[in-house]
Structure formats: structure tokens, C-alpha cells
>>> print(open('structure_24.txt').read())   # compact mmCIF, C-alpha atoms
# COMPACT_ATOMS: atom_id res chain seq x y z
CA MET A 1 21.07 17.97 17.85
CA TYR A 2 18.85 18.08 14.74
CA VAL A 3 16.56 20.94 15.68
CA ILE A 4 16.44 22.78 12.35
CA GLY A 5 13.34 21.14 10.86
CA MET A 6 9.84 22.52 10.55
CA LEU A 7 7.66 21.88 13.59
CA LEU A 8 4.50 20.10 12.50
CA PRO A 9 1.15 21.06 14.07
CA PHE A 10 -0.86 18.53 16.02
CA ILE A 11 -3.76 17.23 13.93
CA ASP A 12 -6.64 15.39 15.54
CA PRO A 13 -6.64 11.75 14.31
CA VAL A 14 -10.43 12.10 13.91
CA ALA A 15 -10.97 13.76 10.53
CA ILE A 16 -14.78 14.06 10.66
CA GLN A 17 -17.17 13.75 13.59
CA ILE A 18 -20.89 13.32 12.95
CA GLY A 19 -22.65 12.94 16.29
CA PRO A 20 -21.33 9.76 17.92
CA ILE A 21 -19.64 8.66 14.68
CA ASN A 22 -15.93 9.37 14.33
CA ILE A 23 -14.23 9.05 10.95
CA HIS A 24 -10.46 8.81 11.35
CA TRP A 25 -7.92 9.98 8.81
CA TYR A 26 -6.87 6.36 8.42
CA GLY A 27 -10.38 5.24 7.48
CA LEU A 28 -10.89 8.26 5.25
CA SER A 29 -7.69 7.50 3.34
CA TYR A 30 -8.71 3.86 2.82
CA GLY A 31 -12.16 4.88 1.60
CA LEU A 32 -10.84 7.56 -0.74
CA GLY A 33 -8.12 5.29 -2.11
CA LEU A 34 -10.58 2.47 -2.81
CA LEU A 35 -13.13 4.81 -4.40
CA LEU A 36 -10.62 6.54 -6.69
CA GLY A 37 -8.97 3.21 -7.51
CA TRP A 38 -12.31 1.71 -8.53
CA MET A 39 -13.14 4.78 -10.63
CA TYR A 40 -9.75 4.48 -12.32
CA ILE A 41 -10.04 0.81 -13.32
CA SER A 42 -13.64 1.43 -14.39
CA SER A 43 -12.66 4.31 -16.69
CA LYS A 44 -12.85 4.07 -20.47
CA PHE A 45 -9.09 4.57 -20.63
CA ILE A 46 -8.28 1.44 -18.61
CA CYS A 47 -11.06 -0.62 -20.20
CA TYR A 48 -9.56 0.20 -23.61
CA TYR A 49 -6.03 -0.80 -22.64
CA SER A 50 -7.01 -3.89 -20.65
CA ALA A 51 -8.90 -5.62 -23.48
CA ASP A 52 -12.43 -6.34 -22.26
CA ARG A 53 -12.23 -9.99 -23.32
CA PHE A 54 -10.11 -10.65 -20.21
CA VAL A 55 -12.31 -9.06 -17.55
CA GLY A 56 -15.28 -6.99 -18.71
CA LYS A 57 -16.95 -3.92 -17.24
CA ASP A 58 -19.63 -5.84 -15.34
CA ALA A 59 -17.03 -7.88 -13.49
CA ILE A 60 -15.11 -4.75 -12.51
CA SER A 61 -18.26 -3.29 -10.93
CA SER A 62 -18.77 -6.33 -8.70
CA LEU A 63 -15.07 -6.67 -7.79
CA LEU A 64 -14.85 -3.77 -5.32
CA PRO A 65 -16.54 -5.43 -2.27
CA TRP A 66 -14.21 -8.42 -2.60
CA ILE A 67 -11.16 -6.17 -2.72
CA ILE A 68 -12.32 -4.14 0.30
CA CYS A 69 -12.84 -7.25 2.44
CA GLY A 70 -9.56 -8.81 1.32
CA ILE A 71 -7.46 -5.70 1.98
CA ILE A 72 -8.99 -4.89 5.37
CA ILE A 73 -8.96 -8.44 6.74
CA GLY A 74 -5.54 -9.27 5.29
CA GLY A 75 -4.04 -5.94 6.37
CA ARG A 76 -5.19 -6.35 9.94
CA ILE A 77 -4.22 -10.01 10.26
CA GLY A 78 -0.83 -9.24 8.73
CA TYR A 79 -0.19 -6.47 11.24
CA VAL A 80 -1.28 -8.60 14.19
CA LEU A 81 0.85 -11.60 13.20
CA VAL A 82 3.98 -9.84 11.97
CA TYR A 83 4.26 -6.59 13.89
CA ASP A 84 2.74 -6.98 17.37
CA LEU A 85 1.52 -10.52 18.03
CA ARG A 86 2.43 -10.50 21.74
CA TYR A 87 0.38 -7.35 22.40
CA PHE A 88 -2.71 -8.67 20.65
CA LEU A 89 -2.51 -12.04 22.38
CA GLU A 90 -2.70 -10.12 25.66
CA ASN A 91 -5.36 -7.69 24.34
CA PHE A 92 -7.46 -9.91 22.12
CA ASP A 93 -10.39 -7.46 22.00
CA GLU A 94 -8.16 -4.87 20.30
CA ILE A 95 -7.75 -6.92 17.12
CA TYR A 96 -10.93 -5.67 15.46
CA LYS A 97 -10.36 -2.00 16.35
CA ILE A 98 -8.75 -1.06 13.05
CA TRP A 99 -9.71 2.59 13.53
CA ASN A 100 -6.91 2.82 16.09
CA GLY A 101 -4.40 2.14 13.33
CA GLY A 102 -2.25 -0.88 12.67
CA MET A 103 -2.52 -2.25 9.14
CA SER A 104 0.14 -4.14 7.21
CA PHE A 105 0.48 -3.29 3.53
CA HIS A 106 1.94 -6.70 2.75
CA GLY A 107 -0.93 -8.39 4.62
CA GLY A 108 -3.46 -6.24 2.78
CA LEU A 109 -1.84 -7.13 -0.54
CA LEU A 110 -1.99 -10.83 0.26
CA GLY A 111 -5.62 -10.47 1.33
CA GLY A 112 -6.43 -8.69 -1.92
CA ILE A 113 -4.66 -11.40 -3.93
CA LEU A 114 -6.67 -14.13 -2.18
CA ALA A 115 -9.91 -12.20 -2.69
CA ILE A 116 -9.17 -11.87 -6.41
CA PHE A 117 -8.32 -15.58 -6.63
CA PHE A 118 -11.73 -16.59 -5.25
CA PHE A 119 -13.49 -13.90 -7.29
CA SER A 120 -11.89 -15.08 -10.52
CA ARG A 121 -12.74 -18.71 -9.74
CA LYS A 122 -16.34 -17.82 -8.98
CA HIS A 123 -16.82 -15.79 -12.17
CA LYS A 124 -14.48 -17.89 -14.37
CA LEU A 125 -12.28 -14.93 -15.26
CA ASN A 126 -8.58 -14.54 -16.02
CA TYR A 127 -6.90 -14.31 -12.61
CA LEU A 128 -3.79 -12.41 -13.72
CA SER A 129 -5.83 -9.82 -15.63
CA ILE A 130 -7.80 -8.96 -12.50
CA MET A 131 -4.55 -8.90 -10.52
CA ASP A 132 -3.26 -6.35 -13.04
CA LEU A 133 -6.24 -4.10 -12.30
CA LEU A 134 -5.40 -4.23 -8.60
CA ALA A 135 -1.75 -3.49 -9.40
CA ILE A 136 -2.41 -0.34 -11.43
CA SER A 137 -4.89 1.06 -8.91
CA ALA A 138 -3.06 0.15 -5.67
CA PRO A 139 -0.64 3.13 -5.79
CA ILE A 140 -3.63 5.47 -5.43
CA GLY A 141 -4.57 3.93 -2.10
CA ILE A 142 -0.94 3.70 -1.01
CA PHE A 143 -0.50 7.44 -1.61
CA PHE A 144 -3.46 8.41 0.60
CA GLY A 145 -2.49 5.82 3.22
CA ARG A 146 1.00 7.30 3.59
CA ILE A 147 -0.43 10.81 3.81
CA SER A 148 -2.64 9.67 6.69
CA ASN A 149 0.46 8.14 8.36
CA PHE A 150 2.10 11.57 8.10
CA ILE A 151 -0.95 13.31 9.58
CA ASN A 152 -1.09 10.79 12.44
CA HIS A 153 2.69 11.04 13.02
CA GLU A 154 3.09 7.29 12.47
CA LEU A 155 6.07 5.44 10.96
CA ILE A 156 8.31 8.42 11.62
CA GLY A 157 11.69 8.93 10.00
CA LYS A 158 15.22 8.83 11.32
CA PRO A 159 16.97 12.01 12.55
CA SER A 160 18.02 14.33 9.74
CA ASP A 161 19.51 17.79 9.23
CA LEU A 162 18.19 18.18 5.68
CA PRO A 163 16.29 21.43 4.87
CA TRP A 164 12.98 19.58 4.42
CA SER A 165 13.22 17.64 7.68
CA VAL A 166 10.33 17.93 10.12
CA ILE A 167 9.80 17.91 13.88
CA TYR A 168 6.85 15.83 15.05
CA PRO A 169 4.76 17.27 17.93
CA THR A 170 5.74 14.44 20.28
CA GLY A 171 7.79 16.49 22.72
CA GLU A 172 11.15 15.60 21.17
CA LEU A 173 12.79 18.53 19.36
CA ILE A 174 14.47 16.27 16.82
CA SER A 175 14.39 16.94 13.09
CA ARG A 176 13.51 13.83 11.14
CA HIS A 177 13.10 12.60 7.59
CA PRO A 178 9.43 12.89 6.52
CA SER A 179 9.62 9.21 5.60
CA GLN A 180 5.87 8.90 5.05
CA ILE A 181 6.09 11.57 2.34
CA TYR A 182 9.00 9.72 0.73
CA GLU A 183 6.81 6.62 0.59
CA ALA A 184 3.78 8.54 -0.67
CA ILE A 185 5.91 9.90 -3.53
CA LEU A 186 7.77 6.70 -4.42
CA GLU A 187 5.19 3.98 -3.71
CA GLY A 188 2.25 6.18 -4.66
CA LEU A 189 2.92 8.84 -7.30
CA VAL A 190 6.04 7.48 -9.01
CA LEU A 191 4.75 3.89 -9.12
CA PHE A 192 1.37 5.07 -10.43
CA PHE A 193 2.97 6.90 -13.35
CA ILE A 194 5.36 4.03 -14.10
CA LEU A 195 2.38 1.72 -14.48
CA LEU A 196 0.42 4.33 -16.44
CA PHE A 197 3.35 4.72 -18.85
CA ALA A 198 3.63 0.93 -19.19
CA CYS A 199 -0.09 0.72 -19.96
CA LYS A 200 0.04 3.37 -22.69
CA LYS A 201 3.46 2.74 -24.20
CA TYR A 202 3.80 -1.02 -23.94
CA LEU A 203 0.15 -2.08 -23.54
CA VAL A 204 1.08 -4.29 -20.57
CA LEU A 205 -2.55 -4.81 -19.59
CA ARG A 206 -3.05 -6.77 -22.79
CA SER A 207 -0.48 -9.29 -21.56
CA PRO A 208 -1.94 -10.66 -18.29
CA GLY A 209 0.53 -10.64 -15.40
CA ASN A 210 2.97 -8.00 -16.65
CA ALA A 211 1.42 -5.07 -14.76
CA SER A 212 1.39 -7.18 -11.59
CA ALA A 213 5.05 -8.03 -12.10
CA ILE A 214 6.00 -4.38 -12.59
CA PHE A 215 4.10 -3.42 -9.45
CA LEU A 216 5.77 -6.12 -7.33
CA ILE A 217 9.27 -5.22 -8.53
CA PHE A 218 9.02 -1.46 -8.16
CA TYR A 219 7.00 -1.45 -4.94
CA GLY A 220 9.50 -3.83 -3.34
CA VAL A 221 12.47 -1.70 -4.43
CA PHE A 222 10.82 1.59 -3.38
CA ARG A 223 9.80 0.16 -0.01
CA ILE A 224 13.33 -1.08 0.70
CA ILE A 225 14.71 2.37 -0.19
CA SER A 226 12.13 4.11 2.00
CA GLU A 227 12.91 1.87 4.96
CA ILE A 228 16.46 3.28 4.98
CA PHE A 229 15.03 6.64 6.13
CA ARG A 230 12.38 5.29 8.49
CA LEU A 231 12.63 4.17 12.11
CA PRO A 232 11.84 0.48 12.57
CA ASP A 233 8.74 -0.48 14.50
CA GLU A 234 9.52 0.05 18.18
CA GLN A 235 8.26 -3.35 19.28
CA ILE A 236 10.45 -5.12 16.69
CA GLY A 237 13.52 -2.98 16.02
CA TYR A 238 16.07 -4.05 13.44
CA ILE A 239 16.27 -7.72 12.60
CA PHE A 240 20.04 -7.47 12.11
CA GLY A 241 22.32 -4.51 11.42
CA GLN A 242 20.21 -1.82 9.76
CA VAL A 243 17.84 -4.33 8.16
CA SER A 244 14.17 -3.92 9.14
CA ILE A 245 11.26 -6.33 8.85
CA GLY A 246 9.85 -4.11 6.08
CA MET A 247 12.96 -4.69 3.98
CA ILE A 248 12.90 -8.43 4.55
CA ILE A 249 9.27 -8.96 3.52
CA SER A 250 9.65 -6.62 0.52
CA LEU A 251 12.52 -8.58 -1.00
CA PRO A 252 10.33 -11.60 -1.91
CA MET A 253 8.04 -9.19 -3.77
CA VAL A 254 10.91 -8.14 -6.02
CA ILE A 255 11.93 -11.76 -6.64
CA LEU A 256 8.35 -12.86 -7.33
CA GLY A 257 7.84 -9.91 -9.69
CA ILE A 258 10.96 -10.80 -11.70
CA ILE A 259 9.89 -14.46 -11.91
CA LEU A 260 6.36 -13.50 -13.01
CA PHE A 261 7.63 -11.02 -15.61
CA ASN A 262 10.06 -13.53 -17.11
CA ARG A 263 7.48 -16.32 -17.06
CA GLU A 264 4.83 -14.28 -18.86
CA ASN A 265 7.23 -12.98 -21.48
CA GLU A 266 8.84 -16.38 -22.15
CA LYS A 267 5.40 -17.55 -23.30
CA LYS A 268 5.56 -15.07 -26.18
CA ILE A 269 8.91 -16.30 -27.48
>>> encode(input="structure_24.txt", output="C-alpha cells")
Amino acid sequence: MYVIGMLLPFIDPVAIQIGPINIHWYGLSYGLGLLLGWMYISSKFICYYSADRFVGKDAISSLLPWIICGIIIGGRIGYVLVYDLRYFLENFDEIYKIWNGGMSFHGGLLGGILAIFFFSRKHKLNYLSIMDLLAISAPIGIFFGRISNFINHELIGKPSDLPWSVIYPTGELISRHPSQIYEAILEGLVLFFILLFACKKYLVLRSPGNASAIFLIFYGVFRIISEIFRLPDEQIGYIFGQVSIGMIISLPMVILGIILFNRENEKKI
């Protein structure tokens, strides 16, 4: 059953080894996503469309360390609490070993939001404008993160007989949806260009909160769609029917995005 897909090669989870130092694909994707995201929001293009009176170039330069800490700490705590709490309670020393994988996007997003909140309070800046910068750059990191999931054969898809299905080198000759690629395309590329179009066409960055609202709505919708083709986490399974935990925690994002978008635009009326 389902043995028509392309057999994927095994790729070492360690991307680069320099003496005793191992750099995993997961870490490389996080670093590359953060670097390119920072370069993007620091570019003249984004500074022009975001109206410097809200944030300013100097603030953008000092924002990156806050974002890194927020995403990493929040992503790890979110994964531990939501996806595998029992395991980590029994293996407490594994919590800090993020290089072994196990990061929650929703936890990382919440961590980034909290980091931006404290950053904006400290520097007396517009909170929603800085949130918008995170929103327009986040799809870059999401794209590379999903590609690393594909390389590591994580978050694998459901069985499929479609021509582009793949067979993971796990010993099971079962063709599956390349669900990580679906997510990289939808949550990464498509969402990036939606936000780019909104920045250029509708100047959303000049209305604090609108870019964040668009991100929340479309990410939540794309994530729910992607979860249809992805196996649920083994230790959790489906919550009920075919509904996964990823769908459940993405729905509030859509609702919050709609509320934020309506709230910000009602102010203009």
C-alpha cells in the first residue's frame, strides 16, 4: 500500500561539524531565519514603509537579541508543556537540549511577543509597530524551520498516493505527503508574499497592528490546512476525530487576528 513515492535519502542531522562542535540543521535554520529576518526589517524598503516615527533604525538594531531569547525560550517551554510534559518531567535534564529538536512554533511566537512587550516598554516605543516587524519577518524563519523538519524527517505526513509523495528512510515503505514542504510553502513563502503585498499596496505597516493581524489570520488558517495532511504527534494523537492539537491552538490565532484587525481599523472610522 502506498509505495509509489520517491525514497528520500538519509541526511545526517548534524549539518556542520567543527572539531567537537556540532551544528544541527535545526540550529542552522533558526540562525539563518533570524539573520535574514533581521536584514529584511532593517532594509531601506521596510524602513520606508514602516514610518520611522514608530520604531526607528537604532531600535531595530538592538531588537534582535530580545527576539532570539524570546523565541528560543518560549519555543522550548511551549513544546515541553504542550507536547511532551510527561517525558520531560521524567527526564528533566533533557529540557535544555534544544539541539535534539522539540520546539513549539506557538510557544516561540508567544515568547517573541513577550520579549517585544518588555522591549517596547523599556525603550518607550509603539508595541504594535514592533510586533508588525516580527510578523513580516517571521515567515522567513518559518520557511527554513520547515525545511529542516523535512531534512530531519520530523512531523511527517499522512499516507498518500499522489505523484509528489515521498518515502522517509525509516524502514516503512509507505508513501506520504511531504507535509513539511506544504507548511514551508504556505506558512513561509505564501505568507511572506501576502505580507509583502500588503506592505506595498496597502501600506499596512503605517497602521500599527494590521500586519500582525494579517499574520495571525493567515498563519492560523494555513497551519490548520497543513495539519490535515500531517500525522499528529505520536505522544498526543488526535484530540477528537481528526482534530489535532496544532489545529486547536491555531484557531485562537485566527480569532485574535480578526479582532485585532477590526479594532485597529475601527479607530480610523
>>> atom_distance(input="structure_24.txt", atom1="atom CA of Pro178 of chain A", atom2="atom CA of Pro159 of chain A")
9.7 Å
>>> atom_distance(input="structure_24.txt", atom1="atom CA of Leu34 of chain A", atom2="atom CA of Phe193 of chain A")
17.7 Å
>>> atom_distance(input="structure_24.txt", atom1="atom CA of Leu63 of chain A", atom2="atom CA of Ser207 of chain A")
20.2 Å
>>> closest_residue(input="structure_24.txt", among="A:Ser137, A:Ser226, A:Ser104, A:Ser61", to="His177 of chain A", atoms="only C-alpha atoms")
A:Ser226
>>> closest_residue(input="structure_24.txt", among="A:Phe150, A:Trp66, A:Tyr30, A:Tyr219", to="Ile136 of chain A", atoms="all atoms listed in the file")
A:Tyr219
>>> residues_around(input="structure_24.txt", residues="Ile167 of chain A", least_positions_apart="5", cutoff="7 Å", atoms="all atoms listed in the file", output="list in words")
Gly5, Met6, Leu7, Leu8, Leu173, Ile174, Ser175 and Arg176 of chain A
>>> residues_around(input="structure_24.txt", residues="Ile71 of chain A", least_positions_apart="3", cutoff="10 Å", atoms="all atoms listed in the file", output="JSON, numbers by chain")
{"A": [30, 34, 66, 67, 68, 74, 75, 76, 77, 103, 104, 105, 106, 107, 108, 109, 110, 111, 112, 113, 114, 115]}
>>> closest_residue(input="structure_24.txt", among="A:Ile41, A:Leu155, A:Ile214, A:Ala15", to="Phe229 of chain A", atoms="all atoms listed in the file")
A:Leu155
>>> closest_residue(input="structure_24.txt", among="A:Gln242, A:Leu196, A:Ile142, A:Gly257", to="Phe218 of chain A", atoms="all atoms listed in the file")
A:Gly257
>>> residues_near_point(input="structure_24.txt", point="(14.7, 6.7, 6.0)", cutoff="7 Å", atoms="only C-alpha atoms", output="PyMOL selection string")
chain A and resi 157-158+177+179+226-231
